[in-house]
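Peer 1: One file: model.cif (mmCIF, C-alpha atoms and all ligand atoms).
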data_work
#
loop_
_atom_site.label_atom_id
_atom_site.label_comp_id
_atom_site.auth_asym_id
_atom_site.auth_seq_id
_atom_site.Cartn_x
_atom_site.Cartn_y
_atom_site.Cartn_z
CA MET A 1 0.00 0.00 0.00
CA ILE A 2 2.85 2.36 0.80
CA SER A 3 4.57 2.07 -2.53
CA ARG A 4 1.19 2.38 -4.23
CA ARG A 5 0.54 5.67 -2.47
CA LYS A 6 4.03 6.92 -3.23
CA ILE A 7 3.77 6.25 -6.91
CA LEU A 8 0.43 7.98 -7.09
CA LYS A 9 1.89 11.04 -5.43
CA ARG A 10 4.80 11.11 -7.80
CA LEU A 11 2.51 10.79 -10.78
CA SER A 12 0.35 13.65 -9.69
CA THR A 13 3.32 16.00 -9.56
CA MET A 14 4.63 14.97 -12.96
CA PRO A 15 4.46 17.54 -15.74
CA LEU A 16 2.71 16.42 -18.89
CA LEU A 17 5.10 15.17 -21.51
CA GLY A 18 5.09 15.39 -25.26
CA GLY A 19 2.08 17.10 -26.65
CA LEU A 20 1.21 18.54 -29.97
CA VAL A 21 -0.98 21.34 -28.75
CA GLY A 22 -0.17 23.99 -31.27
CA SER A 23 -1.38 26.00 -34.18
CA THR A 24 -2.00 22.94 -36.35
CA ALA A 25 -4.33 21.17 -33.92
CA PRO A 26 -7.55 23.04 -34.79
CA LEU A 27 -6.82 22.54 -38.47
CA GLN A 28 -6.33 18.82 -37.99
CA SER A 29 -9.56 18.39 -36.12
CA ALA A 30 -11.44 20.50 -38.64
CA LEU A 31 -10.07 18.30 -41.39
CA ALA A 32 -10.98 15.14 -39.51
CA ALA A 33 -14.49 16.42 -38.96
CA THR A 34 -15.10 17.31 -42.58
CA THR A 35 -13.35 14.48 -44.37
CA SER A 36 -14.02 11.78 -41.75
CA LEU A 37 -10.97 10.02 -43.20
CA ALA A 38 -8.95 9.91 -40.00
CA PRO A 39 -10.73 9.70 -36.66
CA ARG A 40 -9.95 12.53 -34.32
CA ASN A 41 -6.91 11.75 -32.22
CA LEU A 42 -7.49 13.47 -28.90
CA VAL A 43 -4.39 11.97 -27.36
CA LYS A 44 -2.32 13.88 -29.89
CA GLU A 45 -4.55 16.89 -30.00
CA LEU A 46 -4.45 17.45 -26.26
CA GLY A 47 -0.95 16.15 -25.71
CA ILE A 48 -1.97 13.47 -23.25
CA ARG A 49 0.78 11.01 -22.35
CA THR A 50 -0.07 7.36 -22.97
CA PHE A 51 2.13 4.59 -21.61
CA ILE A 52 2.74 0.90 -21.30
CA ASN A 53 1.25 -0.03 -17.95
CA ALA A 54 3.58 -2.48 -16.23
CA ALA A 55 2.51 -1.10 -12.84
CA GLY A 56 -0.99 -2.51 -12.32
CA THR A 57 -4.60 -1.48 -11.86
CA TYR A 58 -4.13 1.98 -10.40
CA THR A 59 -6.97 4.48 -10.37
CA ALA A 60 -4.54 7.32 -11.20
CA MET A 61 -3.36 5.36 -14.26
CA THR A 62 -6.98 4.90 -15.38
CA GLY A 63 -7.38 1.37 -14.01
CA SER A 64 -7.52 -1.13 -16.85
CA LEU A 65 -8.39 -1.26 -20.55
CA MET A 66 -11.91 -2.27 -21.52
CA GLN A 67 -12.14 -5.11 -24.01
CA ASP A 68 -13.81 -4.80 -27.42
CA GLU A 69 -17.04 -6.49 -26.34
CA VAL A 70 -17.43 -3.95 -23.54
CA MET A 71 -16.86 -1.02 -25.89
CA GLU A 72 -19.27 -2.47 -28.44
CA THR A 73 -21.88 -2.76 -25.70
CA ILE A 74 -21.31 0.85 -24.69
CA GLN A 75 -21.56 2.03 -28.30
CA ALA A 76 -24.78 0.12 -28.95
CA ALA A 77 -26.39 1.20 -25.67
CA SER A 78 -25.66 4.85 -26.45
CA LYS A 79 -28.09 4.78 -29.40
CA GLU A 80 -31.30 4.24 -27.42
CA PHE A 81 -33.16 5.66 -24.45
CA MET A 82 -33.98 3.30 -21.62
CA MET A 83 -35.36 3.75 -18.10
CA LEU A 84 -32.38 3.79 -15.75
CA ASP A 85 -34.15 1.68 -13.13
CA ASP A 86 -35.14 -0.88 -15.73
CA VAL A 87 -31.50 -1.27 -16.84
CA GLN A 88 -30.33 -1.67 -13.23
CA THR A 89 -33.02 -4.24 -12.40
CA LYS A 90 -32.46 -6.41 -15.47
CA VAL A 91 -28.66 -6.21 -15.29
CA GLY A 92 -28.76 -6.71 -11.52
CA GLU A 93 -30.59 -10.02 -11.90
CA LYS A 94 -28.03 -11.29 -14.41
CA ILE A 95 -25.08 -10.17 -12.29
CA ALA A 96 -26.58 -11.71 -9.15
CA ALA A 97 -26.81 -15.07 -10.94
CA LEU A 98 -23.19 -14.82 -12.14
CA VAL A 99 -21.83 -14.08 -8.66
CA HIS A 100 -24.22 -16.39 -6.74
CA ALA A 101 -25.76 -13.53 -4.78
CA GLU A 102 -29.41 -12.83 -4.01
CA SER A 103 -29.22 -9.46 -5.67
CA ALA A 104 -26.79 -6.94 -7.19
CA VAL A 105 -26.58 -3.41 -8.52
CA VAL A 106 -23.95 -1.55 -10.56
CA THR A 107 -22.48 1.37 -8.62
CA ALA A 108 -20.01 4.15 -9.38
CA GLY A 109 -17.04 2.02 -8.27
CA CYS A 110 -16.39 0.00 -5.13
CA PHE A 111 -16.20 3.14 -3.05
CA SER A 112 -19.76 4.17 -3.83
CA ALA A 113 -20.91 0.55 -3.40
CA MET A 114 -19.80 0.88 0.23
CA THR A 115 -21.54 4.21 0.79
CA LEU A 116 -24.75 3.02 -0.83
CA GLY A 117 -24.69 -0.38 0.85
CA LEU A 118 -24.38 1.22 4.25
CA ALA A 119 -27.07 3.75 3.33
CA GLY A 120 -29.37 0.80 2.62
CA VAL A 121 -28.53 -0.78 5.96
CA LEU A 122 -29.32 2.48 7.75
CA THR A 123 -32.53 3.46 5.99
CA GLY A 124 -34.18 0.20 5.04
CA MET A 125 -37.16 1.05 2.81
CA ASP A 126 -38.02 4.20 4.80
CA GLN A 127 -38.09 7.12 2.34
CA LYS A 128 -37.94 9.71 5.14
CA LYS A 129 -34.69 8.22 6.41
CA VAL A 130 -33.26 8.13 2.88
CA GLU A 131 -33.83 11.87 2.55
CA ALA A 132 -32.45 12.56 6.04
CA LEU A 133 -28.99 11.10 5.33
CA PRO A 134 -26.26 12.00 6.22
CA GLN A 135 -28.15 13.37 9.20
CA LEU A 136 -28.59 10.50 11.67
CA GLU A 137 -29.34 12.14 14.98
CA GLY A 138 -32.99 12.18 15.94
CA THR A 139 -33.97 9.98 12.97
CA GLY A 140 -33.94 6.63 14.75
CA MET A 141 -31.16 5.41 12.48
CA LYS A 142 -28.09 3.63 13.82
CA SER A 143 -24.79 5.46 13.59
CA GLU A 144 -21.75 3.27 14.23
CA VAL A 145 -19.63 0.97 12.07
CA ILE A 146 -17.28 -1.47 13.75
CA VAL A 147 -13.94 -2.11 12.04
CA GLN A 148 -10.65 -3.68 13.05
CA LYS A 149 -7.83 -1.19 13.61
CA GLY A 150 -5.66 -2.91 11.03
CA HIS A 151 -8.38 -2.46 8.40
CA ASN A 152 -8.47 1.29 8.77
CA VAL A 153 -7.18 2.64 5.46
CA GLY A 154 -8.47 5.67 3.57
CA TYR A 155 -11.38 3.86 1.99
CA SER A 156 -13.39 3.89 5.23
CA HIS A 157 -14.35 7.43 4.18
CA ALA A 158 -16.94 5.72 2.00
CA LEU A 159 -18.69 4.69 5.21
CA THR A 160 -18.37 7.93 7.17
CA ASN A 161 -19.95 9.70 4.16
CA THR A 162 -23.29 8.36 5.43
CA GLY A 163 -22.86 10.23 8.70
CA CYS A 164 -21.76 7.12 10.59
CA LYS A 165 -18.71 7.05 12.79
CA MET A 166 -16.13 4.30 12.87
CA VAL A 167 -15.52 2.33 16.04
CA PHE A 168 -12.14 0.60 16.12
CA VAL A 169 -11.53 -2.77 17.72
CA GLU A 170 -8.75 -5.34 17.87
CA THR A 171 -9.97 -8.40 19.75
CA VAL A 172 -13.17 -10.45 19.95
CA GLU A 173 -13.71 -9.06 23.45
CA GLU A 174 -13.48 -5.53 22.09
CA VAL A 175 -16.03 -6.34 19.39
CA GLU A 176 -18.46 -7.71 21.98
CA LYS A 177 -17.96 -4.57 24.06
CA ALA A 178 -18.32 -2.22 21.10
CA ILE A 179 -21.64 -3.64 19.92
CA ASN A 180 -24.59 -1.59 21.15
CA GLU A 181 -27.98 -0.35 19.95
CA LYS A 182 -26.24 2.19 17.69
CA THR A 183 -24.21 -0.42 15.78
CA ALA A 184 -25.24 -0.37 12.13
CA LEU A 185 -22.61 -2.53 10.45
CA MET A 186 -19.49 -4.62 10.93
CA TRP A 187 -17.12 -3.86 8.06
CA PHE A 188 -14.24 -6.03 6.81
CA LEU A 189 -11.46 -4.99 4.41
CA ASN A 190 -10.18 -8.07 2.63
CA ILE A 191 -6.89 -6.58 1.38
CA GLN A 192 -5.90 -5.89 5.00
CA SER A 193 -7.16 -9.16 6.49
CA ASP A 194 -3.65 -10.13 7.58
CA GLN A 195 -3.46 -6.87 9.55
CA GLY A 196 -6.32 -7.77 11.88
CA LYS A 197 -6.63 -10.40 14.61
CA ILE A 198 -10.09 -11.56 13.54
CA MET A 199 -10.49 -13.44 10.25
CA HIS A 200 -13.48 -13.51 7.89
CA GLN A 201 -15.57 -16.35 9.27
CA GLU A 202 -15.13 -15.33 12.88
CA TRP A 203 -16.12 -11.76 11.99
CA VAL A 204 -19.30 -12.99 10.28
CA ASN A 205 -20.13 -15.34 13.16
CA LEU A 206 -19.71 -12.60 15.73
CA ALA A 207 -21.98 -10.30 13.75
CA LYS A 208 -24.62 -12.99 13.26
CA LYS A 209 -24.62 -13.74 16.96
CA HIS A 210 -25.59 -10.11 17.59
CA ASN A 211 -27.76 -9.71 14.50
CA ILE A 212 -25.51 -7.05 12.93
CA PRO A 213 -25.20 -6.84 9.11
CA THR A 214 -21.72 -7.35 7.61
CA MET A 215 -19.99 -5.85 4.58
CA ILE A 216 -16.71 -6.78 2.93
CA ASP A 217 -14.59 -4.66 0.57
CA ILE A 218 -12.96 -6.93 -2.04
CA ALA A 219 -12.23 -4.04 -4.47
CA ALA A 220 -8.92 -5.35 -5.81
CA ASP A 221 -9.35 -9.01 -4.84
CA VAL A 222 -10.27 -10.67 -8.11
CA PRO A 223 -8.67 -12.84 -9.41
CA PRO A 224 -9.24 -15.43 -8.08
CA VAL A 225 -12.69 -15.35 -9.68
CA GLU A 226 -14.10 -17.46 -6.81
CA ASN A 227 -13.86 -14.40 -4.59
CA LEU A 228 -16.95 -13.11 -6.40
CA TRP A 229 -19.07 -15.74 -4.63
CA LYS A 230 -16.94 -16.98 -1.73
CA PHE A 231 -17.96 -14.21 0.65
CA HIS A 232 -21.72 -14.49 0.09
CA GLU A 233 -21.38 -18.17 0.85
CA MET A 234 -19.41 -17.33 3.97
CA GLY A 235 -22.30 -15.20 5.20
CA PHE A 236 -21.36 -11.60 4.45
CA ASP A 237 -24.56 -9.62 3.79
CA LEU A 238 -22.95 -7.17 1.37
CA VAL A 239 -19.91 -7.52 -0.89
CA CYS A 240 -18.35 -4.56 -2.74
CA VAL A 241 -15.99 -4.89 -5.71
CA SER A 242 -14.37 -2.60 -8.29
CA GLY A 243 -15.42 -3.04 -11.90
CA GLY A 244 -12.52 -1.25 -13.53
CA LYS A 245 -9.61 -3.15 -12.08
CA ALA A 246 -8.90 -6.78 -13.06
CA MET A 247 -12.41 -7.29 -14.46
CA ARG A 248 -11.76 -4.60 -17.06
CA GLY A 249 -15.19 -3.02 -16.87
CA PRO A 250 -15.68 0.75 -17.02
CA GLN A 251 -13.26 2.36 -14.55
CA SER A 252 -16.07 4.30 -12.94
CA ALA A 253 -18.18 1.19 -12.29
CA GLY A 254 -18.32 -1.27 -9.43
CA ILE A 255 -20.75 -3.82 -8.03
CA LEU A 256 -22.69 -3.96 -4.78
CA MET A 257 -23.99 -7.47 -4.26
CA GLY A 258 -25.63 -9.44 -1.48
CA LYS A 259 -28.93 -9.64 0.38
CA LYS A 260 -31.99 -8.72 -1.61
CA HIS A 261 -33.61 -6.45 0.97
CA LEU A 262 -30.36 -4.50 1.47
CA ILE A 263 -29.75 -3.97 -2.25
CA ALA A 264 -33.37 -2.80 -2.66
CA ALA A 265 -32.83 -0.34 0.19
CA ALA A 266 -29.48 0.84 -1.21
CA ARG A 267 -31.16 1.62 -4.51
CA LEU A 268 -33.39 4.16 -2.77
CA SER A 269 -30.25 6.28 -2.31
CA MET A 270 -29.19 5.91 -5.95
CA PRO A 271 -29.96 7.87 -9.10
CA PRO A 272 -32.39 8.64 -10.62
CA ARG A 273 -33.64 9.55 -7.12
CA GLY A 274 -32.71 13.04 -5.96
CA SER A 275 -32.62 14.19 -2.33
CA THR A 276 -30.23 11.35 -1.61
CA ILE A 277 -26.58 11.11 -0.61
CA GLY A 278 -26.02 8.98 -3.71
CA ARG A 279 -27.38 11.37 -6.33
CA GLY A 280 -23.83 12.27 -7.38
CA MET A 281 -22.89 8.61 -7.81
CA LYS A 282 -24.56 8.18 -11.15
CA VAL A 283 -23.73 5.28 -13.46
CA ASN A 284 -25.05 5.62 -16.99
CA LYS A 285 -26.78 2.87 -18.93
CA GLU A 286 -23.71 2.35 -21.09
CA GLU A 287 -21.52 1.66 -18.06
CA ILE A 288 -24.12 -0.54 -16.37
CA LEU A 289 -24.41 -2.72 -19.46
CA GLY A 290 -20.67 -2.55 -20.10
CA MET A 291 -20.01 -3.71 -16.54
CA TYR A 292 -22.30 -6.67 -17.02
CA VAL A 293 -20.53 -7.76 -20.20
CA ALA A 294 -17.09 -7.31 -18.59
CA LEU A 295 -18.14 -9.42 -15.60
CA GLU A 296 -19.63 -12.10 -17.83
CA LYS A 297 -16.40 -12.26 -19.82
CA PHE A 298 -14.28 -12.33 -16.67
CA VAL A 299 -16.27 -15.16 -15.09
CA GLY A 300 -16.29 -17.14 -18.35
CA GLN A 301 -12.63 -16.82 -19.28
CA ASP A 302 -10.04 -19.56 -18.92
CA GLN A 303 -8.41 -18.40 -15.68
CA GLN A 304 -5.46 -20.77 -15.99
CA LYS A 305 -4.69 -19.63 -19.49
CA GLU A 306 -4.71 -15.98 -18.43
CA TRP A 307 -2.45 -16.78 -15.49
CA LYS A 308 -0.02 -18.69 -17.72
CA MET A 309 0.15 -15.73 -20.12
CA TRP A 310 0.98 -13.33 -17.27
CA GLU A 311 3.61 -15.75 -15.96
CA ASP A 312 5.22 -16.19 -19.38
CA ARG A 313 5.49 -12.44 -19.76
CA VAL A 314 7.02 -12.07 -16.31
CA ALA A 315 9.48 -14.86 -17.14
CA HIS A 316 10.51 -13.09 -20.34
CA ILE A 317 11.22 -9.82 -18.54
CA SER A 318 12.90 -11.58 -15.64
CA ASP A 319 15.19 -13.65 -17.92
CA THR A 320 16.17 -10.55 -19.87
CA VAL A 321 17.03 -8.23 -16.98
CA LYS A 322 18.81 -10.76 -14.82
CA LYS A 323 21.52 -10.99 -17.46
CA VAL A 324 22.72 -7.58 -16.35
CA ASN A 325 25.54 -7.94 -13.81
CA GLY A 326 24.38 -6.94 -10.32
CA VAL A 327 20.65 -7.37 -10.95
CA SER A 328 18.55 -9.76 -8.86
CA VAL A 329 14.97 -10.78 -9.58
CA GLU A 330 12.20 -12.36 -7.57
CA THR A 331 8.79 -13.49 -8.78
CA PHE A 332 5.94 -13.59 -6.29
CA ARG A 333 2.18 -13.42 -6.11
CA PRO A 334 0.53 -11.17 -3.54
CA GLU A 335 -1.95 -13.21 -1.51
CA LEU A 336 -4.13 -10.18 -0.84
CA GLY A 337 -5.08 -7.65 -3.51
CA ASN A 338 -3.70 -7.52 -7.05
CA HIS A 339 -3.36 -11.29 -7.03
CA THR A 340 -1.17 -11.66 -10.14
CA PRO A 341 2.39 -12.75 -10.93
CA THR A 342 4.60 -9.87 -9.85
CA LEU A 343 8.29 -9.31 -10.55
CA ARG A 344 10.58 -7.51 -8.15
CA ILE A 345 13.86 -6.22 -9.57
CA LYS A 346 16.74 -5.05 -7.40
CA TRP A 347 20.34 -4.16 -8.16
CA GLU A 348 23.60 -3.73 -6.29
CA PRO A 349 24.36 -0.01 -5.98
CA ALA A 350 28.08 -0.79 -6.26
CA LYS A 351 27.55 -2.31 -9.70
CA ILE A 352 24.66 -0.22 -11.02
CA ASN A 353 24.57 3.47 -10.26
CA LEU A 354 20.85 4.16 -10.49
CA THR A 355 18.17 5.23 -8.04
CA THR A 356 14.66 3.83 -8.19
CA LYS A 357 13.38 7.28 -8.98
CA ALA A 358 15.83 7.82 -11.83
CA LEU A 359 14.97 4.46 -13.39
CA GLN A 360 11.26 5.24 -13.17
CA GLU A 361 11.76 8.64 -14.75
CA ASN A 362 13.94 7.27 -17.55
CA LEU A 363 11.29 4.68 -18.34
CA ARG A 364 8.54 7.27 -18.13
CA ASN A 365 10.39 9.71 -20.41
CA GLY A 366 11.36 7.04 -22.92
CA ASP A 367 9.56 6.19 -26.12
CA PRO A 368 7.25 4.43 -25.53
CA SER A 369 6.68 5.65 -22.00
CA ILE A 370 6.52 2.88 -19.37
CA GLU A 371 5.17 2.91 -15.81
CA VAL A 372 6.43 0.53 -13.12
CA VAL A 373 6.05 0.57 -9.34
CA GLY A 374 8.86 2.12 -7.30
CA GLU A 375 9.91 0.23 -4.18
CA GLN A 376 12.57 0.56 -1.51
CA GLY A 377 15.81 -0.30 -3.33
CA GLY A 378 14.23 -1.38 -6.60
CA ILE A 379 11.09 -1.65 -8.64
CA SER A 380 8.28 -4.13 -9.11
CA LEU A 381 6.04 -4.77 -12.07
CA THR A 382 3.07 -6.81 -13.22
CA THR A 383 2.16 -7.96 -16.72
CA TRP A 384 -1.63 -8.34 -16.58
CA MET A 385 -2.28 -4.84 -17.93
CA LEU A 386 0.15 -5.24 -20.85
CA LYS A 387 -1.03 -5.55 -24.43
CA PRO A 388 0.36 -8.61 -26.23
CA GLY A 389 4.03 -8.11 -27.07
CA GLN A 390 4.59 -5.17 -24.74
CA GLU A 391 6.55 -7.42 -22.39
CA LYS A 392 9.32 -7.42 -25.01
CA ILE A 393 9.48 -3.63 -24.98
CA VAL A 394 9.49 -3.52 -21.17
CA ALA A 395 12.26 -6.12 -21.00
CA THR A 396 14.42 -4.34 -23.59
CA ARG A 397 13.99 -0.91 -22.01
CA LEU A 398 14.75 -2.20 -18.50
CA LYS A 399 17.87 -4.00 -19.71
CA GLU A 400 18.97 -0.88 -21.58
CA GLU A 401 18.60 1.42 -18.58
CA LEU A 402 20.22 -0.99 -16.13
CA THR A 403 23.13 -1.65 -18.51
CA LYS A 404 23.63 2.05 -19.18
CA ALA A 405 24.00 2.69 -15.44
CA SER A 406 26.46 -0.18 -14.90
CA VAL A 407 29.76 1.01 -13.47
C1 LIG B 1 -9.60 0.55 -5.51
C2 LIG B 1 -10.11 0.31 -4.14
C3 LIG B 1 -11.30 0.90 -3.67
C4 LIG B 1 -12.05 1.91 -4.50
O1 LIG B 1 -12.63 1.28 -5.59
P1 LIG B 1 -13.23 2.11 -6.81
O2 LIG B 1 -13.79 1.04 -7.68
O3 LIG B 1 -12.10 2.85 -7.43
O4 LIG B 1 -14.26 3.01 -6.26
C5 LIG B 1 -11.76 0.57 -2.42
N1 LIG B 1 -11.09 -0.30 -1.63
C6 LIG B 1 -9.92 -0.88 -2.03
C7 LIG B 1 -9.23 -1.83 -1.11
C8 LIG B 1 -9.39 -0.59 -3.30
O5 LIG B 1 -8.25 -1.16 -3.69
#
If you took the structure in this file and wrote it as structure tokens, what would it be?
Peer 2:
Amino acid sequence: MISRRKILKRLSTMPLLGGLVGSTAPLQSALAATTSLAPRNLVKELGIRTFINAAGTYTAMTGSLMQDEVMETIQAASKEFMMLDDVQTKVGEKIAALVHAESAVVTAGCFSAMTLGLAGVLTGMDQKKVEALPQLEGTGMKSEVIVQKGHNVGYSHALTNTGCKMVFVETVEEVEKAINEKTALMWFLNIQSDQGKIMHQEWVNLAKKHNIPTMIDIAADVPPVENLWKFHEMGFDLVCVSGGKAMRGPQSAGILMGKKHLIAAARLSMPPRGSTIGRGMKVNKEEILGMYVALEKFVGQDQQKEWKMWEDRVAHISDTVKKVNGVSVETFRPELGNHTPTLRIKWEPAKINLTTKALQENLRNGDPSIEVVGEQGGISLTTWMLKPGQEKIVATRLKEELTKASV
């Protein structure tokens, strides 16, 4: 998580590179519009940097690339009017079947799935309560969410957006003590599960014993695909996942799935309804349908074949760079979050005179531009966001830069 945050910070302070914003741009677009020979190239026109993404599914790097079927769905959906609720209901039924949940709805990312899911827990089907949020006092709504200390990362803001406050616990005894008539939800963050003392099943059991609803954030925890249904089966009432990470749906989409009565209640806080905390979390019909197709494709794909492809790419890069004297490589697979073959590359400072930052900048400023993750004393990279063949470019560029800095 630390290196992820660091890289995001570095990115945000980077000046834009390249760029053809100049006197010829209006002419080019005018030509494109009138002749319709060449489609308008906004990347060129606006001077937006594109890059080979060997880093991973980072929001700041626009997540993942949607596949052709998803884009075709979006294109086709854009040609007709539909009732937003009708799209959500029909898609929700299909998604629920795919993920073995009672019900599901497409949200504006995992973050909004959490806000809306909790809103549903708080309000039930009471329209007055829906309109009162995020005001809880004097409404009869509950107001506390219990979470393990180790699970407290920035994303819990999604929950406090409802007006609830977080109550932090570490042990089972502390959970038992924290539960009271104000407890709305017990929240679990899968990516941090090794940072808490209480594991999934025990968390669910504790909540059930006290009749408290549970929610789990599995935003970046597919693959494995089984995680889409594992947590419903375990007893979590609500499961929240990102659509625009490994599943390659629209980046601004996610899925809230789980108990039927809670999803129905969550939808009362969603567009098209105004006077709700969720009115700004709109998902358009194109994205809702696109998300469904992306999920269907993800669930149906040959998981082993995908994995083998990612591994082969990692092996190619690893074999290439380890030929440079002083370089060491390690392949691993994070157990939690971004579960994909990952390559860590380090080098001996005495043999290669290069800082992590300098290597990242050289790769970024090269042609084509490449993004990797900076780590203490080296870099790491993944290959699941690469287009076919890009692993060769990444390998060559890494070898080049490491060789150039050899002393
Ligand atoms: C990415 C992420 C989120 C936010 O998901 P969005 O789909 O971008 O809204 C929430 N929790 C975790 C653990 C994440 O990695």
Peer 1: So which one's closest to A:Gln376, A:Ile218, A:Val147, A:Leu65, A:Ile345? Using only C-alpha atoms, please.
Peer 2: A:Ile345
Peer 1: Which neighbours of A:Pro388 fall inside 12 Å, counting all atoms listed in the file, when residues of the same chain fewer than 4 positions from it are skipped, and could you give them as JSON, numbers by chain?
Peer 2: {"A": [52, 53, 306, 309, 310, 312, 313, 383, 384, 392, 393, 394]}
Peer 1: Fewer than 5 positions away in the same chain doesn't count, so skip those; otherwise give me all residues within 7 Å of stretch 352-364 of chain A, counting only C-alpha atoms, as number ranges by chain.
Peer 2: A: 326, 347, 369-372, 374, 377-379, 402, 405-407
Peer 1: Give me the residues near stretch 296-298 of chain A as an MDAnalysis selection string, where near means some atom within 6 Å (using all atoms listed in the file) and where sequence neighbours in that chain fewer than 3 positions away do not count.
Peer 2: chainID A and resid 247 293 301
Peer 1: Can you work out the spacing between atom CA of A:Gln304 and atom CA of A:Gly337 in Å, to one decimal?
Peer 2: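 Atom CA of A:Gln304 sits 18.1 Å away from atom CA of A:Gly337.
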